[in-house]
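Peer 1: Contents of data08.txt (compact mmCIF, C-alpha atoms) are given next:
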# COMPACT_ATOMS: atom_id res chain seq x y z
CA MET A 1 -22.91 16.56 11.09
CA SER A 2 -20.87 13.34 10.85
CA PRO A 3 -19.01 12.39 14.03
CA GLU A 4 -15.27 12.89 14.20
CA THR A 5 -13.19 9.90 13.08
CA PRO A 6 -11.71 8.30 16.20
CA LEU A 7 -8.12 7.19 16.60
CA LEU A 8 -7.45 3.50 16.09
CA THR A 9 -6.06 1.41 18.90
CA ILE A 10 -3.41 -0.81 17.32
CA ASP A 11 -3.53 -4.16 19.07
CA ARG A 12 0.00 -5.45 18.50
CA SER A 13 -0.81 -8.79 20.13
CA LEU A 14 -2.94 -9.74 17.12
CA LYS A 15 0.14 -10.30 14.97
CA ALA A 16 0.81 -13.55 16.87
CA ARG A 17 -1.98 -15.13 14.81
CA LEU A 18 0.19 -14.66 11.68
CA LYS A 19 2.73 -17.32 12.68
CA GLU A 20 3.80 -19.54 9.73
CA ARG A 21 1.94 -17.41 7.18
CA VAL A 22 3.80 -16.64 3.94
CA VAL A 23 4.36 -12.90 3.54
CA LEU A 24 5.77 -10.92 0.61
CA VAL A 25 7.07 -7.37 1.02
CA THR A 26 8.24 -5.16 -1.83
CA GLY A 27 10.68 -2.43 -0.87
CA GLY A 28 11.58 -4.49 2.18
CA CYS A 29 15.23 -3.58 2.70
CA ALA A 30 14.78 -0.13 4.22
CA GLY A 31 12.35 2.15 6.02
CA ILE A 32 8.75 1.04 6.50
CA GLY A 33 9.26 -2.16 4.52
CA LEU A 34 12.25 -3.29 6.59
CA ALA A 35 10.39 -2.52 9.82
CA ALA A 36 7.49 -4.66 8.60
CA VAL A 37 9.80 -7.51 7.56
CA ARG A 38 11.30 -7.52 11.07
CA SER A 39 7.84 -7.61 12.64
CA PHE A 40 6.52 -10.41 10.42
CA HIS A 41 9.69 -12.47 10.92
CA GLU A 42 9.60 -11.93 14.68
CA VAL A 43 6.23 -13.69 14.98
CA GLY A 44 7.30 -16.68 12.90
CA CYS A 45 6.20 -15.77 9.38
CA ASN A 46 7.99 -16.95 6.25
CA VAL A 47 8.96 -13.75 4.45
CA VAL A 48 9.86 -13.00 0.84
CA VAL A 49 11.57 -9.64 0.32
CA GLY A 50 11.97 -7.88 -3.01
CA ASP A 51 14.03 -4.71 -3.32
CA LEU A 52 16.56 -3.07 -5.63
CA GLY A 53 18.82 -2.34 -2.71
CA PRO A 54 20.62 -5.08 -0.79
CA PRO A 55 19.50 -6.00 2.72
CA PRO A 56 21.38 -4.31 5.55
CA ALA A 57 24.49 -6.31 6.48
CA CYS A 58 23.59 -6.10 10.16
CA GLU A 59 20.18 -7.75 9.67
CA ALA A 60 20.61 -11.40 10.69
CA LEU A 61 17.03 -12.20 9.70
CA PHE A 62 18.07 -12.16 6.02
CA SER A 63 20.20 -15.23 6.75
CA SER A 64 17.24 -17.04 8.30
CA SER A 65 15.72 -20.09 6.64
CA ARG A 66 12.39 -18.27 6.91
CA THR A 67 13.52 -15.36 4.74
CA ILE A 68 14.05 -15.10 0.98
CA TYR A 69 15.62 -12.00 -0.54
CA ARG A 70 15.57 -11.35 -4.29
CA ARG A 71 16.94 -8.26 -5.98
CA THR A 72 13.81 -7.01 -7.72
CA ASP A 73 13.05 -4.14 -10.05
CA VAL A 74 9.32 -3.83 -9.42
CA THR A 75 8.78 -2.06 -12.76
CA LYS A 76 9.67 -5.35 -14.48
CA TYR A 77 6.77 -7.79 -14.35
CA ALA A 78 8.96 -10.84 -14.92
CA GLU A 79 11.06 -9.99 -11.86
CA GLN A 80 7.97 -9.59 -9.70
CA LEU A 81 6.58 -12.89 -10.97
CA ALA A 82 9.87 -14.61 -10.11
CA LEU A 83 9.67 -13.14 -6.61
CA PHE A 84 6.22 -14.62 -6.00
CA ARG A 85 7.23 -17.96 -7.47
CA ALA A 86 10.24 -18.10 -5.16
CA ALA A 87 7.77 -18.40 -2.28
CA GLU A 88 5.91 -21.23 -3.99
CA THR A 89 9.17 -23.05 -4.72
CA LYS A 90 10.30 -22.91 -1.10
CA TRP A 91 7.07 -23.21 0.86
CA GLY A 92 4.67 -24.79 -1.62
CA VAL A 93 2.18 -21.89 -1.67
CA TRP A 94 1.96 -18.36 -2.98
CA PRO A 95 2.10 -15.56 -0.38
CA ASP A 96 -1.19 -15.02 1.45
CA ILE A 97 -0.11 -11.66 2.91
CA VAL A 98 1.35 -9.06 0.56
CA LEU A 99 2.64 -5.64 1.59
CA VAL A 100 2.75 -3.49 -1.55
CA ASN A 101 5.35 -1.09 -0.23
CA ALA A 102 7.98 -0.29 -2.89
CA GLY A 103 7.97 3.40 -3.72
CA ILE A 104 10.05 6.45 -4.58
CA GLY A 105 9.66 10.20 -4.27
CA GLU A 106 9.12 12.83 -6.95
CA LYS A 107 11.56 12.58 -9.86
CA GLY A 108 12.37 15.44 -12.18
CA ASP A 109 10.01 18.19 -13.30
CA ALA A 110 7.42 16.22 -15.24
CA LEU A 111 4.95 19.10 -15.64
CA LEU A 112 7.47 21.92 -16.21
CA GLU A 113 6.56 23.66 -12.96
CA TRP A 114 10.14 24.79 -12.40
CA SER A 115 11.67 24.94 -15.88
CA ASP A 116 10.87 25.54 -19.57
CA ASP A 117 12.85 22.65 -21.07
CA VAL A 118 10.00 21.36 -23.21
CA ASP A 119 12.39 19.34 -25.41
CA GLN A 120 13.40 17.14 -22.48
CA GLU A 121 11.26 14.00 -22.25
CA PRO A 122 9.47 13.96 -18.87
CA ASP A 123 10.49 11.50 -16.19
CA HIS A 124 7.47 9.43 -15.18
CA LYS A 125 9.38 6.95 -13.04
CA THR A 126 7.48 7.99 -9.92
CA VAL A 127 4.16 6.90 -11.44
CA LEU A 128 5.74 3.73 -12.87
CA VAL A 129 7.10 2.64 -9.48
CA ASP A 130 4.46 3.99 -7.12
CA LEU A 131 1.35 3.07 -9.11
CA VAL A 132 1.93 0.91 -12.19
CA ALA A 133 4.37 -1.46 -10.47
CA ALA A 134 2.11 -1.54 -7.40
CA ALA A 135 -0.79 -2.64 -9.60
CA MET A 136 1.42 -5.45 -10.94
CA THR A 137 2.10 -6.58 -7.36
CA VAL A 138 -1.61 -6.55 -6.56
CA ARG A 139 -2.35 -8.56 -9.71
CA LEU A 140 0.11 -11.27 -8.73
CA ALA A 141 -1.04 -11.23 -5.11
CA MET A 142 -4.68 -11.76 -6.06
CA TYR A 143 -3.79 -14.53 -8.49
CA GLY A 144 -1.75 -16.35 -5.87
CA MET A 145 -4.37 -16.00 -3.16
CA ARG A 146 -7.06 -17.38 -5.46
CA LYS A 147 -4.73 -20.23 -6.43
CA ASN A 148 -4.10 -21.07 -2.78
CA GLY A 149 -7.86 -21.18 -2.28
CA ARG A 150 -7.80 -19.60 1.17
CA GLY A 151 -7.79 -15.86 0.52
CA GLY A 152 -5.43 -13.44 2.18
CA SER A 153 -4.57 -9.81 2.86
CA ILE A 154 -3.14 -7.11 0.60
CA VAL A 155 -1.92 -3.93 2.30
CA LEU A 156 -0.89 -0.96 0.15
CA THR A 157 1.52 1.74 1.31
CA ALA A 158 -0.07 4.95 0.05
CA SER A 159 0.54 8.37 1.63
CA MET A 160 -1.23 11.24 3.32
CA ALA A 161 -0.47 12.97 -0.01
CA GLY A 162 -3.00 10.60 -1.55
CA TYR A 163 -5.74 12.11 0.58
CA MET A 164 -4.59 15.69 1.04
CA GLY A 165 -2.30 16.57 -1.87
CA GLN A 166 0.94 18.50 -1.53
CA PRO A 167 2.44 21.24 -3.73
CA GLY A 168 5.51 20.47 -5.81
CA LEU A 169 4.91 16.71 -5.91
CA PRO A 170 2.41 16.25 -8.77
CA MET A 171 3.46 12.78 -9.94
CA TYR A 172 3.87 11.47 -6.39
CA ASN A 173 0.45 12.86 -5.45
CA ALA A 174 -1.12 11.36 -8.58
CA ALA A 175 0.38 7.93 -7.89
CA LYS A 176 -0.70 7.85 -4.25
CA HIS A 177 -4.21 9.04 -5.13
CA GLY A 178 -4.19 6.19 -7.65
CA LEU A 179 -3.42 3.62 -4.93
CA ILE A 180 -6.39 4.85 -2.92
CA GLY A 181 -8.57 4.52 -6.03
CA LEU A 182 -7.25 0.99 -6.53
CA MET A 183 -8.22 0.02 -3.00
CA ARG A 184 -11.63 1.67 -3.34
CA SER A 185 -12.42 -0.46 -6.37
CA LEU A 186 -11.03 -3.75 -5.08
CA ARG A 187 -12.73 -3.53 -1.68
CA TYR A 188 -15.99 -4.46 -3.46
CA THR A 189 -14.69 -7.37 -5.54
CA ALA A 190 -11.71 -8.88 -3.69
CA PRO A 191 -13.81 -10.28 -0.80
CA ARG A 192 -15.46 -12.67 -3.28
CA ALA A 193 -12.17 -14.56 -3.13
CA GLU A 194 -11.83 -13.95 0.63
CA ILE A 195 -9.16 -11.31 -0.02
CA ALA A 196 -9.00 -8.15 2.11
CA VAL A 197 -7.51 -5.01 0.53
CA SER A 198 -6.52 -2.08 2.75
CA LEU A 199 -3.93 0.67 2.88
CA VAL A 200 -1.81 2.81 5.15
CA ALA A 201 -1.40 6.50 4.35
CA PRO A 202 1.62 7.76 6.31
CA ALA A 203 2.27 11.43 6.93
CA ILE A 204 5.94 12.48 7.05
CA THR A 205 8.02 9.48 8.10
CA ALA A 206 11.73 9.34 8.85
CA THR A 207 12.70 7.16 5.87
CA THR A 208 15.16 7.62 3.00
CA LEU A 209 12.65 9.88 1.21
CA VAL A 210 13.15 12.65 3.77
CA GLY A 211 16.17 11.35 5.67
CA SER A 212 16.42 10.66 9.37
CA ASP A 213 18.14 12.21 12.34
CA ALA A 214 21.40 10.55 11.33
CA GLN A 215 21.07 9.86 7.58
CA PRO A 216 20.65 12.00 4.43
CA THR A 217 17.84 11.47 1.91
CA GLU A 218 18.00 8.84 -0.84
CA GLY A 219 19.24 11.58 -3.17
CA GLY A 220 22.12 12.44 -0.83
CA THR A 221 20.71 15.81 0.25
CA LEU A 222 20.59 16.90 3.87
CA SER A 223 17.91 15.28 5.99
CA LEU A 224 14.75 17.31 6.49
CA VAL A 225 13.99 15.61 9.80
CA PRO A 226 15.90 17.91 12.21
CA ALA A 227 14.24 21.00 10.72
CA LEU A 228 10.82 19.34 10.79
CA ARG A 229 11.26 18.36 14.43
CA ALA A 230 12.35 21.88 15.32
CA ALA A 231 9.23 23.26 13.63
CA GLY A 232 7.03 20.93 15.68
CA VAL A 233 5.88 18.84 12.71
CA PRO A 234 4.58 15.43 13.89
CA LEU A 235 6.76 12.67 12.48
CA ASN A 236 6.36 8.91 12.21
CA THR A 237 9.06 6.35 12.70
CA PRO A 238 9.10 3.50 10.16
CA GLU A 239 7.99 1.23 13.00
CA ASP A 240 4.88 3.36 13.62
CA VAL A 241 3.71 2.74 10.06
CA ALA A 242 4.84 -0.89 9.90
CA ASP A 243 2.87 -1.65 13.07
CA VAL A 244 -0.30 -0.48 11.33
CA SER A 245 0.46 -2.50 8.17
CA VAL A 246 1.02 -5.66 10.21
CA TYR A 247 -2.12 -4.94 12.25
CA LEU A 248 -4.20 -4.66 9.06
CA ALA A 249 -2.80 -7.98 7.85
CA ALA A 250 -3.63 -9.57 11.21
CA LEU A 251 -7.21 -8.23 11.12
CA GLY A 252 -7.82 -10.25 7.96
CA PRO A 253 -11.28 -9.74 6.36
CA LYS A 254 -12.24 -7.09 8.91
CA ALA A 255 -9.62 -4.72 7.46
CA ASN A 256 -11.07 -4.76 3.96
CA GLY A 257 -11.55 -1.17 2.74
CA TYR A 258 -9.57 0.41 5.57
CA GLY A 259 -7.57 3.49 4.67
CA VAL A 260 -5.50 4.30 7.75
CA MET A 261 -3.65 7.59 8.05
CA VAL A 262 -0.63 7.52 10.36
CA GLN A 263 0.63 10.84 11.71
CA GLY A 264 2.94 11.43 14.62
CA GLY A 265 2.63 7.76 15.53
CA LYS A 266 -1.17 7.97 15.78
CA ALA A 267 -3.53 6.16 13.43
CA ALA A 268 -7.09 6.73 12.21
CA ASN A 269 -9.23 4.96 9.61
CA VAL A 270 -9.85 8.12 7.62
CA GLU A 271 -11.46 6.16 4.79
CA ALA A 272 -14.38 5.38 7.09
CA GLY A 273 -14.68 9.09 7.80
CA VAL A 274 -14.69 9.92 4.09
CA MET A 275 -17.47 7.42 3.45
CA ARG A 276 -19.47 8.53 6.47
CA ALA A 277 -19.32 12.19 5.39
CA ARG A 278 -20.18 11.55 1.75
CA LYS A 279 -23.41 13.52 1.84
CA LEU A 280 -21.49 16.53 3.16
CA TRP A 281 -18.86 16.64 0.42
CA MET A 282 -21.01 15.28 -2.39
CA GLY A 283 -24.13 17.23 -1.46
CA GLY A 284 -27.54 15.79 -0.69
CA GLU A 285 -28.90 15.77 -4.24
CA MET A 286 -25.74 14.30 -5.78
CA ASP A 287 -25.65 11.64 -3.07
CA ARG A 288 -29.27 10.68 -3.80
CA GLU A 289 -28.55 10.44 -7.53
CA TYR A 290 -25.50 8.27 -6.83
CA ARG A 291 -27.53 5.99 -4.60
CA LYS A 292 -30.08 5.37 -7.36
CA GLY A 293 -27.49 3.52 -9.39
CA LYS A 294 -25.91 1.85 -6.38
CA ASP A 295 -29.17 0.68 -4.84
CA GLU A 296 -30.40 -0.68 -8.19
CA GLY A 297 -27.23 -2.75 -8.53
CA VAL A 298 -26.12 -0.93 -11.70
CA PHE A 299 -22.45 -1.29 -10.78
CA ASP A 300 -22.85 -4.99 -10.00
CA LYS A 301 -24.62 -5.47 -13.34
CA GLY A 302 -21.72 -3.77 -15.08
CA GLU A 303 -19.34 -6.22 -13.45
CA GLN A 304 -21.58 -9.14 -14.47
CA ASN A 305 -21.73 -7.88 -18.08
CA LYS A 306 -17.94 -7.66 -18.08
CA LYS A 307 -17.70 -11.29 -16.99
CA GLU A 308 -20.29 -12.47 -19.53
CA SER A 309 -18.45 -10.69 -22.36
CA LYS A 310 -15.48 -12.96 -21.69
CA LEU A 311 -17.51 -16.18 -22.04
Can the structure in the file be given as C-alpha cells, please?
Peer 2:
Amino acid sequence: MSPETPLLTIDRSLKARLKERVVLVTGGCAGIGLAAVRSFHEVGCNVVVGDLGPPPACEALFSSSRTIYRRTDVTKYAEQLALFRAAETKWGVWPDIVLVNAGIGEKGDALLEWSDDVDQEPDHKTVLVDLVAAAMTVRLAMYGMRKNGRGGSIVLTASMAGYMGQPGLPMYNAAKHGLIGLMRSLRYTAPRAEIAVSLVAPAITATTLVGSDAQPTEGGTLSLVPALRAAGVPLNTPEDVADVSVYLAALGPKANGYGVMVQGGKAANVEAGVMRARKLWMGGEMDREYRKGKDEGVFDKGEQNKKESKL
C-alpha cells in the first residue's frame, strides 16, 4: 500500500528570494488574491493586479510605485493582454510569476438540477471565468516567460472540488477539474522553457464566495462561515492559501507538477499522492498497459508529430 501523503511544511522565509521579480495576479483585489498581492509586495516584488472590482481603499500598496492595478474582465482576451503588456511597459519585461487566481462560484442552474425551464439559455459564466479565462492567462504567461528567456512560475488557484467533487456545483466542479487537467498536461512540456506549473486546491476558505465572519457572500446572502465554524468544519483564511501560492512561486522549478490541497490551514501535495497510488486506483493491468505507451515515448512522439505538422 502507498504511504500516506505527508503534510507540507511551508517555509515562508523562501519568499525573500522573490525580491524585484515581476508578478501578475488575476482576481487580486479580494480574498486569496489580495492576500497574495500583499505578500509579494511585502518582499519587494513589482506586482500587476487585474480584477473587475476596485482595490480596497484602505490598501496603501495600490498607491505604491511597485504596483499596477488595471480593471480587467478576464473573459476578454484583449483586456488580459493589456494587463500583461502594462508590466512590460513599466518594468521592461513580462511577468515571470503569474498567479492565475480569478474565479467565481456556481452561477444559475446550467444542468436543470433544480428547475425545468428548458427554454432559458444556460449560464456558463462559471466555466468561462474559472477555466476558459484561466487558460487565456496561462497562454499569455507562457508566452511572456519564453520571451523573457528566463522561465518562471505559474500557480493556478483550483479547489478541493477539483479533486473531490461536490454536489450542487456541477459547472464549478467541472472548471476546477479542468484546471487540474491543465496543470497535469503542462507539467510535462512547460519545463522545456524553464517554466514551473503548479496549483493550490483550497478547501472552504473565508472569501467572498462563502462570506466571512463579518461579511456576506458576493451574492449578498448571509455568510456560511459562522455555521461552518459551529459545525467544526476546518476553514482556511485567505492568508493560509496565499502563503502556499507564494511558497510554490518561491520554490521555482521544484514546484512543477505540485497540486497542493489546503484545508484548515494545513497543506499537502495531494498530486504526489495521486501519482504514487496510481496502480491502486487504475489497477495493475491497466497501469501496465498505460506504461507501455509511456515507456515507449508514444506521448512524446505525438508531441513531436504535432510540432512537425506546423513546419
Peer 1: Please return as a PyMOL selection string every residue within 12 Å of (18.0, -15.6, 0.3), taking into account all atoms listed in the file and the file's own coordinates.
Peer 2: chain A and resi 46-50+54-55+60-71+83+86-87+90
Peer 1: Please identify every residue of segment 175-210 of chain A that has at least one atom no farther than 12 Å from an atom of segment 123-128 of chain A, counting only C-alpha atoms, and for each give the shortest atom pair and the distance in Å to one decimal, arranged by chain then increasing number, as a tab-separated table.
Peer 2:
residue	atom	partner	partner_atom	distance
A:Ala175	CA	A:Val127	CA	5.3
A:Lys176	CA	A:Val127	CA	8.7
A:His177	CA	A:Val127	CA	10.7
A:Gly178	CA	A:Val127	CA	9.2
A:Leu179	CA	A:Val127	CA	10.5
Peer 1: What is the distance, in Å and to one decimal place, between atom CA of Cys29 of chain A and atom CA of Gly151 of chain A?
Peer 2: 26.2 Å
Peer 1: Measuring atom to atom with all atoms listed in the file, identify which of A:Ile180, A:Leu8, A:Val74, A:Met160 is nearest to Leu140 of chain A.
Peer 2: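 For Leu140 of chain A, the nearest of the given residues is A:Val74.
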Peer 1: Looking at all atoms listed in the file, which of A:Leu24, A:Asn236, A:Asn173, A:Ala158 is the one that sits closest to Thr137 of chain A?
Peer 2: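 Smallest separation from Thr137 of chain A among the options: A:Leu24.
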Peer 1: Kindly indicate which residue among A:Arg17, A:Arg139, A:Lys107, A:Arg38 lies nearest to Ala190 of chain A, using only C-alpha atoms for the distances.
Peer 2: A:Arg139
Peer 1: How far is it from atom CA of Asn256 of chain A to atom CA of Gly149 of chain A, in Å with one decimal?
Peer 2: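 These two atoms are separated by 17.9 Å.
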Peer 1: Please measure the separation of atom CA of Tyr77 of chain A and atom CA of Ala133 of chain A, giving the value in Å to one decimal.
Peer 2: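 Interatomic distance here is 7.8 Å.
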Peer 1: Rank A:Ala16, A:Ala161, A:Ala102, A:Cys58 by their smallest atom-to-atom distance to Gly33 of chain A, using all atoms listed in the file, and report the top residue only.
Peer 2: A:Ala102
Peer 1: Could the residues of segment 151-188 of chain A that have an atom at most 12 Å from segment 113-122 of chain A be listed as a Markdown table, each with its closest atom pair and the distance in Å to one decimal, counting only C-alpha atoms and ordered by chain and ascending residue number?
Peer 2:
| residue | atom | partner | partner_atom | distance |
| --- | --- | --- | --- | --- |
| A:Pro167 | CA | A:Glu113 | CA | 10.4 |
| A:Gly168 | CA | A:Glu113 | CA | 7.9 |
| A:Leu169 | CA | A:Glu113 | CA | 10.0 |
| A:Pro170 | CA | A:Glu113 | CA | 9.5 |
| A:Met171 | CA | A:Pro122 | CA | 10.8 |
Peer 1: Pull the neighbourhood of (-13.4, 8.8, 6.5) for me: all residues within 10 Å in file coordinates, counting all atoms listed in the file, as number ranges by chain.
Peer 2: A: 2, 4-6, 258-261, 268-278
Peer 1: For a quick check of understanding, using all atoms listed in the file, which of A:Ala201, A:Ser159, A:Gly92, A:Gly257 has the smallest distance to Ser185 of chain A?
Peer 2: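 Between A:Ala201, A:Ser159, A:Gly92, A:Gly257, the residue approaching Ser185 of chain A most closely is A:Gly257.
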Peer 1: How big is the axis-aligned box around all listed atoms of segment 68-81 of chain A once 5 Å goes on each side, and where's its centre, in Å to one decimal, as JSON?
Peer 2:
{"center_x": 11.8, "center_y": -8.6, "center_z": -7.0, "size_x": 20.4, "size_y": 23.0, "size_z": 25.9}
Peer 1: Please determine, counting all atoms listed in the file, which residue among A:Phe40, A:Asp243, A:Val155, A:Asp51 has the shortest atom-to-atom distance to Asp11 of chain A.
Peer 2: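 Among the listed residues, A:Asp243 lies closest to Asp11 of chain A.
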